[in-house]
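Visitor: Contents of work13.pdb (PDB, C-alpha atoms and all ligand atoms):
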```
ATOM      1  CA  MET A 151       0.000   0.000   0.000
ATOM      2  CA  ASP A 152       1.350   3.414  -0.945
ATOM      3  CA  GLU A 153       1.364   6.461   1.320
ATOM      4  CA  LEU A 154      -0.991   8.892  -0.403
ATOM      5  CA  THR A 155      -1.377  11.659   2.146
ATOM      6  CA  ILE A 156       1.023  14.431   2.978
ATOM      7  CA  THR A 157       1.410  13.788   6.696
ATOM      8  CA  PRO A 158       1.696  15.266   9.203
ATOM      9  CA  GLY A 159       1.230  18.479   7.173
ATOM     10  CA  SER A 160      -0.048  21.235   9.418
ATOM     11  CA  ALA A 161      -1.508  18.904  12.036
ATOM     12  CA  CYS A 162      -0.457  19.099  15.679
ATOM     13  CA  GLN A 163       1.760  16.532  17.340
ATOM     14  CA  GLY A 164      -0.145  13.326  18.064
ATOM     15  CA  CYS A 165      -3.115  14.242  15.833
ATOM     16  CA  GLY A 166      -5.460  11.265  15.515
ATOM     17  CA  ALA A 167      -7.248  12.805  12.529
ATOM     18  CA  ALA A 168      -4.060  12.993  10.450
ATOM     19  CA  LEU A 169      -3.456   9.319  11.222
ATOM     20  CA  ALA A 170      -7.034   8.495  10.228
ATOM     21  CA  ALA A 171      -6.410  10.163   6.848
ATOM     22  CA  ARG A 172      -3.143   8.360   6.352
ATOM     23  CA  LEU A 173      -4.686   4.944   7.007
ATOM     24  CA  ALA A 174      -7.886   5.573   5.066
ATOM     25  CA  PHE A 175      -6.218   6.805   1.880
ATOM     26  CA  LYS A 176      -3.628   4.039   1.997
ATOM     27  CA  ALA A 177      -6.490   1.545   1.967
ATOM     28  CA  LEU A 178      -8.535   3.424  -0.634
ATOM     29  CA  GLY A 179      -5.595   3.446  -3.066
ATOM     30  CA  PRO A 180      -4.617   5.866  -5.815
ATOM     31  CA  ASN A 181      -7.791   5.483  -7.870
ATOM     32  CA  THR A 182      -9.664   7.800  -5.540
ATOM     33  CA  ILE A 183     -11.154  11.268  -5.757
ATOM     34  CA  ARG A 184     -11.390  13.044  -2.431
ATOM     35  CA  HIS A 185     -13.703  15.874  -1.511
ATOM     36  CA  GLY A 186     -13.085  17.787   1.642
ATOM     37  CA  VAL A 187     -15.002  20.427   3.546
ATOM     38  CA  PRO A 188     -13.336  22.860   5.940
ATOM     39  CA  CYS A 189     -11.787  20.958   8.829
ATOM     40  CA  CYS A 190      -8.817  20.909  11.084
ATOM     41  CA  PRO A 191      -5.818  19.127   9.624
ATOM     42  CA  ASP A 192      -7.049  19.663   6.075
ATOM     43  CA  SER A 193      -3.607  20.183   4.622
ATOM     44  CA  ALA A 194      -2.486  17.083   6.479
ATOM     45  CA  THR A 195      -5.068  15.040   4.649
ATOM     46  CA  MET A 196      -4.432  16.310   1.144
ATOM     47  CA  THR A 197      -4.225  13.626  -1.494
ATOM     48  CA  PRO A 198      -2.810  14.094  -4.978
ATOM     49  CA  ARG A 199      -6.261  14.684  -6.447
ATOM     50  CA  GLY A 200      -7.772  16.683  -3.629
ATOM     51  CA  GLY A 201     -10.863  18.819  -3.859
ATOM     52  CA  GLY A 202     -12.348  21.570  -1.794
ATOM     53  CA  GLY A 203     -15.915  22.111  -0.839
ATOM     54  CA  VAL A 204     -18.582  23.813   1.153
ATOM     55  CA  PHE A 205     -19.869  22.157   4.318
ATOM     56  CA  GLU A 206     -23.528  21.885   3.372
ATOM     57  CA  GLY A 207     -22.650  20.725  -0.153
ATOM     58  CA  GLY A 208     -20.568  17.668   0.762
ATOM     59  CA  GLY A 209     -23.235  15.109  -0.178
ATOM     60  CA  ALA A 210     -24.097  16.959  -3.401
ATOM     61  CA  ALA A 211     -20.459  17.357  -4.493
ATOM     62  CA  LEU A 212     -19.864  13.643  -4.027
ATOM     63  CA  THR A 213     -23.064  12.818  -5.908
ATOM     64  CA  GLY A 214     -22.117  15.061  -8.851
ATOM     65  CA  THR A 215     -18.623  13.617  -9.022
ATOM     66  CA  TRP A 216     -19.825  10.021  -9.099
ATOM     67  CA  ARG A 217     -22.552  10.733 -11.645
ATOM     68  CA  ALA A 218     -20.171  12.628 -13.950
ATOM     69  CA  LEU A 219     -17.692   9.747 -13.838
ATOM     70  CA  LYS A 220     -20.474   7.263 -14.562
ATOM     71  CA  ALA A 221     -21.675   9.321 -17.532
ATOM     72  CA  LYS A 222     -18.155   9.061 -18.930
ATOM     73  CA  GLY A 223     -18.138   5.295 -18.391
ATOM     74  CA  ILE A 224     -15.607   5.478 -15.528
ATOM     75  CA  THR A 225     -16.859   3.237 -12.759
ATOM     76  CA  ASP A 226     -13.732   2.016 -10.973
ATOM     77  CA  VAL A 227     -12.993   5.177  -8.962
ATOM     78  CA  GLN A 228     -13.685   5.539  -5.224
ATOM     79  CA  VAL A 229     -15.438   8.876  -4.667
ATOM     80  CA  VAL A 230     -14.737   9.871  -1.095
ATOM     81  CA  GLY A 231     -15.824  12.625   1.219
ATOM     82  CA  PHE A 232     -13.280  12.932   4.014
ATOM     83  CA  PHE A 233     -15.078  15.109   6.535
ATOM     84  CA  GLY A 234     -14.930  16.091  10.187
ATOM     85  CA  ASP A 235     -17.643  15.344  12.739
ATOM     86  CA  GLY A 236     -18.952  18.900  12.334
ATOM     87  CA  GLY A 237     -19.196  18.360   8.575
ATOM     88  CA  THR A 238     -20.939  15.003   9.029
ATOM     89  CA  TYR A 239     -23.029  15.068  12.230
ATOM     90  CA  ASP A 240     -24.114  18.718  11.941
ATOM     91  CA  ILE A 241     -23.505  21.093   9.055
ATOM     92  CA  GLY A 242     -23.408  18.595   6.187
ATOM     93  CA  LEU A 243     -25.972  16.157   7.578
ATOM     94  CA  GLN A 244     -28.907  17.059   5.326
ATOM     95  CA  GLY A 245     -26.980  16.617   2.067
ATOM     96  CA  ILE A 246     -25.256  13.433   3.228
ATOM     97  CA  SER A 247     -28.576  11.964   4.367
ATOM     98  CA  ALA A 248     -30.084  12.799   0.959
ATOM     99  CA  ALA A 249     -27.174  11.104  -0.828
ATOM    100  CA  ALA A 250     -27.572   8.056   1.424
ATOM    101  CA  GLU A 251     -31.296   7.910   0.729
ATOM    102  CA  ARG A 252     -30.538   7.915  -3.022
ATOM    103  CA  ASN A 253     -27.875   5.251  -2.379
ATOM    104  CA  GLU A 254     -25.235   7.158  -4.335
ATOM    105  CA  ASN A 255     -22.081   5.173  -5.026
ATOM    106  CA  ILE A 256     -19.883   7.234  -2.692
ATOM    107  CA  TRP A 257     -17.995   7.086   0.595
ATOM    108  CA  VAL A 258     -18.364   9.350   3.581
ATOM    109  CA  ILE A 259     -15.366   8.841   5.853
ATOM    110  CA  THR A 260     -15.439  10.905   9.026
ATOM    111  CA  LYS A 261     -12.498  11.669  11.252
ATOM    112  CA  ASP A 262     -14.411  12.117  14.459
ATOM    113  CA  ASN A 263     -12.520  14.283  16.957
ATOM    114  CA  GLU A 264     -15.745  15.131  18.790
ATOM    115  CA  ALA A 265     -15.750  18.926  18.327
ATOM    116  CA  TYR A 266     -15.135  21.763  15.870
ATOM    117  CA  MET A 267     -11.387  21.746  16.430
ATOM    118  CA  ASN A 268     -10.369  23.887  13.464
ATOM    119  CA  THR A 269     -12.205  26.913  14.784
ATOM    120  CA  GLY A 270     -11.283  26.563  18.464
ATOM    121  CA  ASN A 271     -12.832  23.444  20.003
ATOM    122  CA  GLN A 272     -16.507  24.383  19.925
ATOM    123  CA  ARG A 273     -18.920  21.569  20.770
ATOM    124  CA  SER A 274     -20.543  19.565  17.975
ATOM    125  CA  SER A 275     -23.372  17.047  18.241
ATOM    126  CA  SER A 276     -20.604  14.437  18.353
ATOM    127  CA  THR A 277     -19.149  15.894  21.564
ATOM    128  CA  PRO A 278     -19.836  13.443  24.420
ATOM    129  CA  LEU A 279     -21.752  14.108  27.610
ATOM    130  CA  TYR A 280     -19.918  16.327  30.153
ATOM    131  CA  ALA A 281     -16.988  17.129  27.828
ATOM    132  CA  MET A 282     -15.526  20.587  28.321
ATOM    133  CA  THR A 283     -15.221  22.588  25.096
ATOM    134  CA  SER A 284     -14.971  26.318  24.445
ATOM    135  CA  THR A 285     -18.776  26.524  24.135
ATOM    136  CA  THR A 286     -19.535  24.029  26.913
ATOM    137  CA  PRO A 287     -17.222  25.399  29.597
ATOM    138  CA  VAL A 288     -16.997  24.274  33.199
ATOM    139  CA  GLY A 289     -18.641  26.885  35.382
ATOM    140  CA  SER A 290     -19.864  26.916  38.937
ATOM    141  CA  VAL A 291     -23.327  25.643  37.971
ATOM    142  CA  ILE A 292     -23.099  23.978  34.563
ATOM    143  CA  LYS A 293     -20.056  21.810  33.956
ATOM    144  CA  GLY A 294     -19.378  20.693  30.405
ATOM    145  CA  LYS A 295     -21.800  19.493  27.727
ATOM    146  CA  GLN A 296     -25.210  18.584  29.063
ATOM    147  CA  THR A 297     -26.334  16.290  26.234
ATOM    148  CA  GLY A 298     -24.852  13.095  24.845
ATOM    149  CA  LYS A 299     -23.160  12.188  21.584
ATOM    150  CA  LYS A 300     -25.388  11.788  18.522
ATOM    151  CA  ASN A 301     -25.393   8.181  17.340
ATOM    152  CA  ILE A 302     -24.622   8.882  13.692
ATOM    153  CA  PRO A 303     -23.700   5.322  12.604
ATOM    154  CA  MET A 304     -27.135   4.089  13.720
ATOM    155  CA  ILE A 305     -28.839   7.043  12.024
ATOM    156  CA  PHE A 306     -27.194   6.067   8.729
ATOM    157  CA  ALA A 307     -27.900   2.373   9.304
ATOM    158  CA  ALA A 308     -31.553   3.418   9.403
ATOM    159  CA  HIS A 309     -31.082   4.689   5.811
ATOM    160  CA  HIS A 310     -30.585   1.000   4.850
ATOM    161  CA  VAL A 311     -27.397   1.714   2.922
ATOM    162  CA  PRO A 312     -24.983  -1.066   1.925
ATOM    163  CA  PHE A 313     -22.298  -0.328   4.543
ATOM    164  CA  VAL A 314     -21.936   1.620   7.786
ATOM    165  CA  ALA A 315     -19.034   0.969  10.149
ATOM    166  CA  THR A 316     -17.077   2.420  13.033
ATOM    167  CA  ALA A 317     -13.275   2.384  13.228
ATOM    168  CA  SER A 318     -10.475   3.649  15.420
ATOM    169  CA  VAL A 319      -6.961   4.883  14.736
ATOM    170  CA  GLY A 320      -5.926   2.502  17.543
ATOM    171  CA  TYR A 321      -6.952  -0.510  15.432
ATOM    172  CA  PRO A 322      -5.464   0.109  11.969
ATOM    173  CA  GLU A 323      -5.947  -3.427  10.606
ATOM    174  CA  ASP A 324      -9.661  -3.271  11.376
ATOM    175  CA  LEU A 325      -9.934   0.164   9.736
ATOM    176  CA  ILE A 326      -8.141  -0.969   6.576
ATOM    177  CA  ALA A 327     -10.164  -4.209   6.336
ATOM    178  CA  LYS A 328     -13.408  -2.199   6.482
ATOM    179  CA  ILE A 329     -12.307   0.060   3.639
ATOM    180  CA  GLU A 330     -11.140  -2.898   1.580
ATOM    181  CA  TYR A 331     -14.522  -4.580   2.040
ATOM    182  CA  GLY A 332     -16.403  -1.354   1.259
ATOM    183  CA  LYS A 333     -14.492  -1.028  -2.001
ATOM    184  CA  THR A 334     -16.167  -4.225  -3.206
ATOM    185  CA  LEU A 335     -19.646  -2.725  -2.694
ATOM    186  CA  THR A 336     -21.657  -0.423  -4.931
ATOM    187  CA  GLY A 337     -23.715   2.233  -3.184
ATOM    188  CA  PHE A 338     -23.418   4.455  -0.127
ATOM    189  CA  LYS A 339     -20.688   3.601   2.378
ATOM    190  CA  MET A 340     -19.915   5.334   5.657
ATOM    191  CA  LEU A 341     -16.959   4.887   8.014
ATOM    192  CA  ILE A 342     -16.770   6.869  11.246
ATOM    193  CA  ILE A 343     -13.222   6.861  12.610
ATOM    194  CA  GLN A 344     -12.764   7.922  16.217
ATOM    195  CA  SER A 345      -9.724  10.220  16.039
ATOM    196  CA  PRO A 346      -8.435  11.516  19.393
ATOM    197  CA  CYS A 347      -7.277  15.149  19.479
ATOM    198  CA  PRO A 348      -4.672  15.873  22.185
ATOM    199  CA  VAL A 349      -5.313  19.627  21.965
ATOM    200  CA  GLY A 350      -9.092  19.587  22.438
ATOM    201  CA  TRP A 351      -9.295  16.462  24.617
ATOM    202  CA  ARG A 352      -6.354  17.673  26.651
ATOM    203  CA  TYR A 353      -4.055  14.707  27.094
ATOM    204  CA  ASP A 354      -0.367  14.045  26.430
ATOM    205  CA  PRO A 355       0.097  13.887  22.604
ATOM    206  CA  ALA A 356       2.247  10.766  23.015
ATOM    207  CA  LYS A 357      -0.867   8.899  24.242
ATOM    208  CA  THR A 358      -3.114   9.134  21.154
ATOM    209  CA  ILE A 359      -3.039   5.417  20.421
ATOM    210  CA  GLU A 360      -3.552   4.537  24.096
ATOM    211  CA  VAL A 361      -6.582   6.837  24.303
ATOM    212  CA  ALA A 362      -8.007   5.439  21.052
ATOM    213  CA  ARG A 363      -7.566   1.840  22.237
ATOM    214  CA  SER A 364      -9.010   2.595  25.602
ATOM    215  CA  ALA A 365     -12.202   3.969  23.975
ATOM    216  CA  VAL A 366     -12.673   0.625  22.257
ATOM    217  CA  GLN A 367     -11.639  -1.542  25.201
ATOM    218  CA  THR A 368     -14.038   0.202  27.587
ATOM    219  CA  GLY A 369     -16.975  -0.043  25.161
ATOM    220  CA  ILE A 370     -17.184   3.740  24.749
ATOM    221  CA  TRP A 371     -16.399   3.366  21.015
ATOM    222  CA  PRO A 372     -17.319  -0.171  19.926
ATOM    223  CA  LEU A 373     -16.011  -1.396  16.576
ATOM    224  CA  TYR A 374     -18.719  -2.836  14.338
ATOM    225  CA  GLU A 375     -20.124  -2.964  10.840
ATOM    226  CA  ILE A 376     -23.693  -2.928   9.580
ATOM    227  CA  THR A 377     -24.570  -4.111   6.096
ATOM    228  CA  ASP A 378     -27.829  -3.239   4.328
ATOM    229  CA  GLY A 379     -29.068  -1.549   7.471
ATOM    230  CA  GLU A 380     -29.599  -4.818   9.322
ATOM    231  CA  LYS A 381     -26.748  -7.342   9.301
ATOM    232  CA  PHE A 382     -24.596  -6.593  12.337
ATOM    233  CA  LYS A 383     -21.117  -7.704  13.344
ATOM    234  CA  LEU A 384     -18.864  -6.594  16.190
ATOM    235  CA  THR A 385     -15.351  -6.612  14.765
ATOM    236  CA  TYR A 386     -13.614  -6.402  18.156
ATOM    237  CA  LYS A 387     -14.969  -8.339  21.115
ATOM    238  CA  PRO A 388     -12.953  -8.176  24.317
ATOM    239  CA  ARG A 389     -13.901 -10.941  26.768
ATOM    240  CA  GLU A 390     -14.514  -8.252  29.374
ATOM    241  CA  LEU A 391     -14.791  -4.489  29.043
ATOM    242  CA  LYS A 392     -12.372  -2.302  30.983
ATOM    243  CA  PRO A 393     -13.948   0.267  33.333
ATOM    244  CA  VAL A 394     -14.829   3.565  31.618
ATOM    245  CA  THR A 395     -12.678   5.470  34.129
ATOM    246  CA  GLU A 396      -9.619   4.215  32.212
ATOM    247  CA  TYR A 397     -10.815   6.248  29.233
ATOM    248  CA  TYR A 398     -12.067   9.307  31.126
ATOM    249  CA  LYS A 399      -9.264   9.878  33.624
ATOM    250  CA  PRO A 400      -6.352  10.733  31.277
ATOM    251  CA  GLN A 401      -8.402  13.405  29.463
ATOM    252  CA  ALA A 402      -8.585  16.804  31.106
ATOM    253  CA  ARG A 403     -11.763  17.664  29.139
ATOM    254  CA  PHE A 404     -13.464  15.313  31.643
ATOM    255  CA  ARG A 405     -11.517  16.438  34.716
ATOM    256  CA  HIS A 406     -14.627  17.834  36.464
ATOM    257  CA  VAL A 407     -16.752  14.677  35.980
ATOM    258  CA  THR A 408     -17.883  13.304  39.356
ATOM    259  CA  ASP A 409     -17.757   9.670  40.484
ATOM    260  CA  GLU A 410     -21.543   9.597  40.418
ATOM    261  CA  GLN A 411     -21.598  10.830  36.817
ATOM    262  CA  LEU A 412     -18.963   8.275  35.875
ATOM    263  CA  ALA A 413     -21.121   5.543  37.419
ATOM    264  CA  GLY A 414     -23.988   6.674  35.172
ATOM    265  CA  ILE A 415     -21.731   6.567  32.120
ATOM    266  CA  GLN A 416     -20.561   3.092  33.123
ATOM    267  CA  GLU A 417     -24.148   1.889  33.404
ATOM    268  CA  ASP A 418     -25.129   3.284  29.978
ATOM    269  CA  THR A 419     -21.989   1.888  28.362
ATOM    270  CA  THR A 420     -22.564  -1.606  29.770
ATOM    271  CA  LYS A 421     -26.208  -1.543  28.680
ATOM    272  CA  ASN A 422     -25.266  -0.480  25.161
ATOM    273  CA  TRP A 423     -22.525  -3.119  24.955
ATOM    274  CA  GLU A 424     -24.940  -5.872  26.003
ATOM    275  CA  LYS A 425     -27.331  -4.797  23.261
ATOM    276  CA  LEU A 426     -24.532  -4.852  20.695
ATOM    277  CA  LEU A 427     -23.383  -8.288  21.882
ATOM    278  CA  LYS A 428     -26.921  -9.579  21.454
ATOM    279  CA  SER A 429     -27.078  -8.076  17.937
ATOM    280  CA  ASP A 430     -23.740  -9.707  17.149
ATOM    281  CA  GLU A 431     -25.003 -13.112  18.340
ATOM    282  CA  LEU A 432     -28.090 -12.798  16.161
ATOM    283  CA  GLY A 433     -26.169 -11.228  13.257
ATOM    284  CA  GLN A 434     -29.035  -8.770  13.169
ATOM    285  CA  LEU A 435     -29.150  -5.190  14.406
ATOM    286  CA  LEU A 436     -31.434  -4.736  17.413
ATOM    287  CA  ILE A 437     -32.318  -1.081  17.813
TER     288      ILE A 437
HETATM  289  C1  LIG A 501     -21.354  26.933   6.889
HETATM  290  C2  LIG A 501     -20.098  27.126   7.657
HETATM  291  N1  LIG A 501     -20.180  27.269   9.000
HETATM  292  C3  LIG A 501     -19.063  27.427   9.738
HETATM  293  C4  LIG A 501     -17.823  27.431   9.115
HETATM  294  C5  LIG A 501     -16.569  27.644   9.947
HETATM  295  N2  LIG A 501     -15.835  26.398  10.142
HETATM  296  C6  LIG A 501     -14.749  26.071   9.414
HETATM  297  S1  LIG A 501     -14.009  24.644   9.894
HETATM  298  C7  LIG A 501     -15.150  24.467  11.147
HETATM  299  C8  LIG A 501     -15.041  23.326  12.116
HETATM  300  C9  LIG A 501     -15.221  21.972  11.486
HETATM  301  O1  LIG A 501     -15.333  21.013  12.482
HETATM  302  P1  LIG A 501     -15.216  19.512  12.089
HETATM  303  O2  LIG A 501     -16.009  19.223  10.875
HETATM  304  O3  LIG A 501     -15.510  18.683  13.274
HETATM  305  O4  LIG A 501     -13.671  19.378  11.685
HETATM  306  P2  LIG A 501     -12.394  19.574  12.648
HETATM  307  O5  LIG A 501     -12.003  21.006  12.544
HETATM  308  O6  LIG A 501     -12.772  19.182  14.025
HETATM  309  O7  LIG A 501     -11.358  18.676  12.047
HETATM  310  C10 LIG A 501     -16.106  25.492  11.144
HETATM  311  C11 LIG A 501     -17.212  25.644  12.097
HETATM  312  C12 LIG A 501     -17.772  27.282   7.719
HETATM  313  N3  LIG A 501     -16.605  27.233   7.062
HETATM  314  N4  LIG A 501     -18.916  27.139   7.007
HETATM  315  S1  LIG A 502      -6.415  20.469  16.954
HETATM  316 FE1  LIG A 502      -6.622  18.255  17.196
HETATM  317  S2  LIG A 502      -7.597  17.451  15.312
HETATM  318 FE2  LIG A 502      -6.784  19.525  14.913
HETATM  319  S3  LIG A 502      -4.738  19.195  14.013
HETATM  320 FE3  LIG A 502      -4.484  19.538  16.219
HETATM  321  S4  LIG A 502      -4.542  17.466  17.130
HETATM  322 FE4  LIG A 502      -5.362  17.299  15.044
HETATM  323 MG    MG A 503     -14.220  17.777  14.571
END
```
Could you quickly redo this structure as structure tokens?
Ligand SMILES: Cc1ncc(C[n+]2csc(CCOP(=O)(O)OP(=O)(O)O)c2C)c(N)n1
Ligand code: SF4
Ligand SMILES: [Mg+2]
Guide:
Amino acid sequence: MDELTITPGSACQGCGAALAARLAFKALGPNTIRHGVPCCPDSATMTPRGGGGVFEGGGAALTGTWRALKAKGITDVQVVGFFGDGGTYDIGLQGISAAAERNENIWVITKDNEAYMNTGNQRSSSTPLYAMTSTTPVGSVIKGKQTGKKNIPMIFAAHHVPFVATASVGYPEDLIAKIEYGKTLTGFKMLIIQSPCPVGWRYDPAKTIEVARSAVQTGIWPLYEITDGEKFKLTYKPRELKPVTEYYKPQARFRHVTDEQLAGIQEDTTKNWEKLLKSDELGQLLI
């Protein structure tokens, strides 16, 4: 596999998003057209045939690109939107949902760093419960974000598209295998890559892989794939989950979270994991 991204580019030390780009484009290969919308390490994710775009137009730009190629009889190119969580969960959602509903033959690959990092760490709908961001500060009364993370993979699974999966920069083989499988499918494909950001999440930049792995091993960010909106498979199944505190404690964005709040997060995480395990056993998504 060739290195197709210019990394680290302008990204910060330990940037999970730049690593997500590096892995994703390696797996996608050179026969790929990338569209981007404004996001943090954009220059770090530039590919030889890069494109620019407007947030709300991501889904439409991808659609137009694929349809133009098809009209010319070119059908072996991967048309890829490489977006941030802001561009996927929030600002670009309507257009991406429309493209998914039409089952356009495109990819949406999201480097999910759980906030609008490029513009100064403002909260997005991907920011998790209690996380401190510049727009969900820790004050004397309200401490951090008061609502949970939007479950975007399940929202797109409900569009009944051919492929929706989660991935992590801490598990590169899993990430690459999902892209390689997606390349064999025609239709809408989505991969959400959890991409830790040492600047916004406030941890030691040397620990990006540890933080990413800990999200998966605690069940905070389970790795799975959903085909045709219903067939479900967990692609990483630890015999036992680690306690969520292992994920929360090293990140200063959660420094103010109380033991009682952590107990609530543990309960929700265990409940969700049990549901996913059951879905995995049945091979069928239980919502
Ligand atoms: C319609 C619109 N709203 C706001 C902006 C300003 N803006 C540029 S990048 C950005 C943050 C993007 O966040 P995300 O997609 O999560 O990418 P990240 O920076 O975290 O990599 C914002 C709000 C914009 N360019 N266009
Ligand atoms: S702010 Fe975070 S996501 Fe952005 S380049 Fe730096 S480490 Fe990467
Ligand atoms: Mg972001």
Visitor: Could you give me, as a ChimeraX atom specification, the residues within 12 Å of Met304 of chain A, counting only C-alpha atoms and dropping anything in the same chain fewer than 6 positions from it?
Guide: /A:239,310-311,313-316,340-342,374-380,382,426,435-437
Visitor: Determine, counting all atoms listed in the file, every residue of protein, DNA or RNA that lies within 12 Å of (-20.9, 1.9, 32.7) in the file coordinates, then give the result as a list in words.
Guide: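 Nearby residues: Thr368, Gly369, Ile370, Leu391, Lys392, Pro393, Val394, Thr395, Glu396, Tyr397, Tyr398, Asp409, Glu410, Gln411, Leu412, Ala413, Gly414, Ile415, Gln416, Glu417, Asp418, Thr419, Thr420, Lys421, Asn422, Trp423 and Glu424 of chain A.
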Visitor: Kindly indicate which residue among A:Ala248, A:Ala281, A:Met151, A:Ala170 lies nearest to Trp351 of chain A, using all atoms listed in the file for the distances.
Guide: A:Ala281
Visitor: Check what the PyMOL selection byres (((chain A and resi 249-252) around 8) and not hetatm) selects in the file above and give those residues as a PDB file with C-alpha atoms, keeping the file's coordinate frame.
Guide:
```
ATOM      1  CA  GLY A 209     -23.235  15.109  -0.178  1.00  0.00           C
ATOM      2  CA  ALA A 210     -24.097  16.959  -3.401  1.00  0.00           C
ATOM      3  CA  THR A 213     -23.064  12.818  -5.908  1.00  0.00           C
ATOM      4  CA  GLY A 245     -26.980  16.617   2.067  1.00  0.00           C
ATOM      5  CA  ILE A 246     -25.256  13.433   3.228  1.00  0.00           C
ATOM      6  CA  SER A 247     -28.576  11.964   4.367  1.00  0.00           C
ATOM      7  CA  ALA A 248     -30.084  12.799   0.959  1.00  0.00           C
ATOM      8  CA  ASN A 253     -27.875   5.251  -2.379  1.00  0.00           C
ATOM      9  CA  GLU A 254     -25.235   7.158  -4.335  1.00  0.00           C
ATOM     10  CA  PHE A 306     -27.194   6.067   8.729  1.00  0.00           C
ATOM     11  CA  HIS A 309     -31.082   4.689   5.811  1.00  0.00           C
ATOM     12  CA  VAL A 311     -27.397   1.714   2.922  1.00  0.00           C
ATOM     13  CA  PHE A 338     -23.418   4.455  -0.127  1.00  0.00           C
TER      14      PHE A 338
END
```
Visitor: Could you please determine the separation between atom CA of Val229 of chain A and atom CA of Val366 of chain A in Å, to one decimal place?
Guide: 28.3 Å
Visitor: Produce as a PyMOL selection string the set of residues near ligand MG 503 (chain A), where near means within 10 Å with all atoms listed in the file considered.
Guide: chain A and resi 167+189-191+233-239+260-269+271-277+345-347+350
Visitor: For atom CA of Ala365 of chain A and atom CA of Ile156 of chain A, quote the distance in Å rounded to one decimal.
Guide: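 Separation of atom CA of Ala365 of chain A and atom CA of Ile156 of chain A: 26.9 Å.
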Visitor: Skipping near chain neighbours, those fewer than 5 positions away, what residues fall within 8 Å of segment 215-227 of chain A using only C-alpha atoms, listed as a tab-separated table (two decimals) with C-alpha atoms, in the frame of the given file?
Guide:
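The new file result.tsv reads:
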```tsv
chain	number	residue	atom	x	y	z
A	181	ASN	CA	-7.79	5.48	-7.87
A	182	THR	CA	-9.66	7.80	-5.54
A	183	ILE	CA	-11.15	11.27	-5.76
A	254	GLU	CA	-25.24	7.16	-4.34
A	255	ASN	CA	-22.08	5.17	-5.03
A	256	ILE	CA	-19.88	7.23	-2.69
```
Visitor: What do you get, as a ChimeraX atom specification, if you spell out every residue that the PyMOL selection byres (((chain A and resi 171) around 8) and not hetatm) selects here?
Guide: /A:155,167-170,172-175,194-195,232,261
Visitor: Around all the atoms of ligand LIG 502 (chain A) listed in the file, draw an axis-aligned box and extend it by 8 Å on each of the six sides; I want its centre and edge lengths in Å to one decimal, as lines of an AutoDock Vina configuration file.
Guide:
```
center_x = -6.0
center_y = 18.9
center_z = 15.6
size_x = 19.1
size_y = 19.2
size_z = 19.2
```
Visitor: Given only C-alpha atoms as the basis, pick out the residue of A:Gly214, A:Gly186, A:Gly289, A:Gly207 nearest to Gly242 of chain A.
Guide: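 Among the listed residues, A:Gly207 lies closest to Gly242 of chain A.
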Visitor: Care to translate the PyMOL selection byres (((chain A and resi 352) around 6) and not hetatm) into actual residues of this file, as a list of chain:residue names?
Guide: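 Output of the PyMOL selection byres (((chain A and resi 352) around 6) and not hetatm): A:Pro348, A:Val349, A:Gly350, A:Trp351, A:Tyr353, A:Gln401, A:Ala402, A:Arg403.
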Visitor: Would you save the residues from that selection as a compact mmCIF listing (two decimals), keeping the file's coordinate frame, using C-alpha atoms?
Guide:
```
# COMPACT_ATOMS: atom_id res chain seq x y z
CA PRO A 348 -4.67 15.87 22.18
CA VAL A 349 -5.31 19.63 21.96
CA GLY A 350 -9.09 19.59 22.44
CA TRP A 351 -9.30 16.46 24.62
CA TYR A 353 -4.06 14.71 27.09
CA GLN A 401 -8.40 13.40 29.46
CA ALA A 402 -8.59 16.80 31.11
CA ARG A 403 -11.76 17.66 29.14
```
Visitor: Please measure the separation of atom CA of Thr334 of chain A and atom CA of Val230 of chain A, giving the value in Å to one decimal.
Guide: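 Atom-to-atom, atom CA of Thr334 of chain A and atom CA of Val230 of chain A are spaced 14.3 Å apart.
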Visitor: With all atoms listed in the file as the basis for distance, which of A:Lys428, A:Arg363, A:Lys399, A:Lys357 is at the shortest distance from ligand LIG 502 (chain A)?
Guide: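 Closest to ligand LIG 502 (chain A) of all the choices is A:Lys357.
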Visitor: Point out the residue among A:Gly298, A:Thr358, A:Arg405, A:Lys381 with the least atom-to-atom distance to Pro312 of chain A, counting all atoms listed in the file.
Guide: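 Ranked by minimum distance to Pro312 of chain A, first place goes to A:Lys381.
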Visitor: Measuring atom to atom with all atoms listed in the file, identify which of A:Ser429, A:Asn301, A:Gln344, A:Gln367 is nearest to ligand LIG 501 (chain A).
Guide: A:Gln344
Visitor: Could you tell me which of A:Lys339, A:His406, A:Lys328, A:Lys176 comes closest to Lys295 of chain A if we count all atoms listed in the file?
Guide: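 Closest to Lys295 of chain A, using all atoms listed in the file: A:His406.
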Visitor: Within 7 Å of (-1.2, 11.7, 20.2), only C-alpha atoms: residues as a PyMOL selection string?
Guide: chain A and resi 163-166+348+354-359
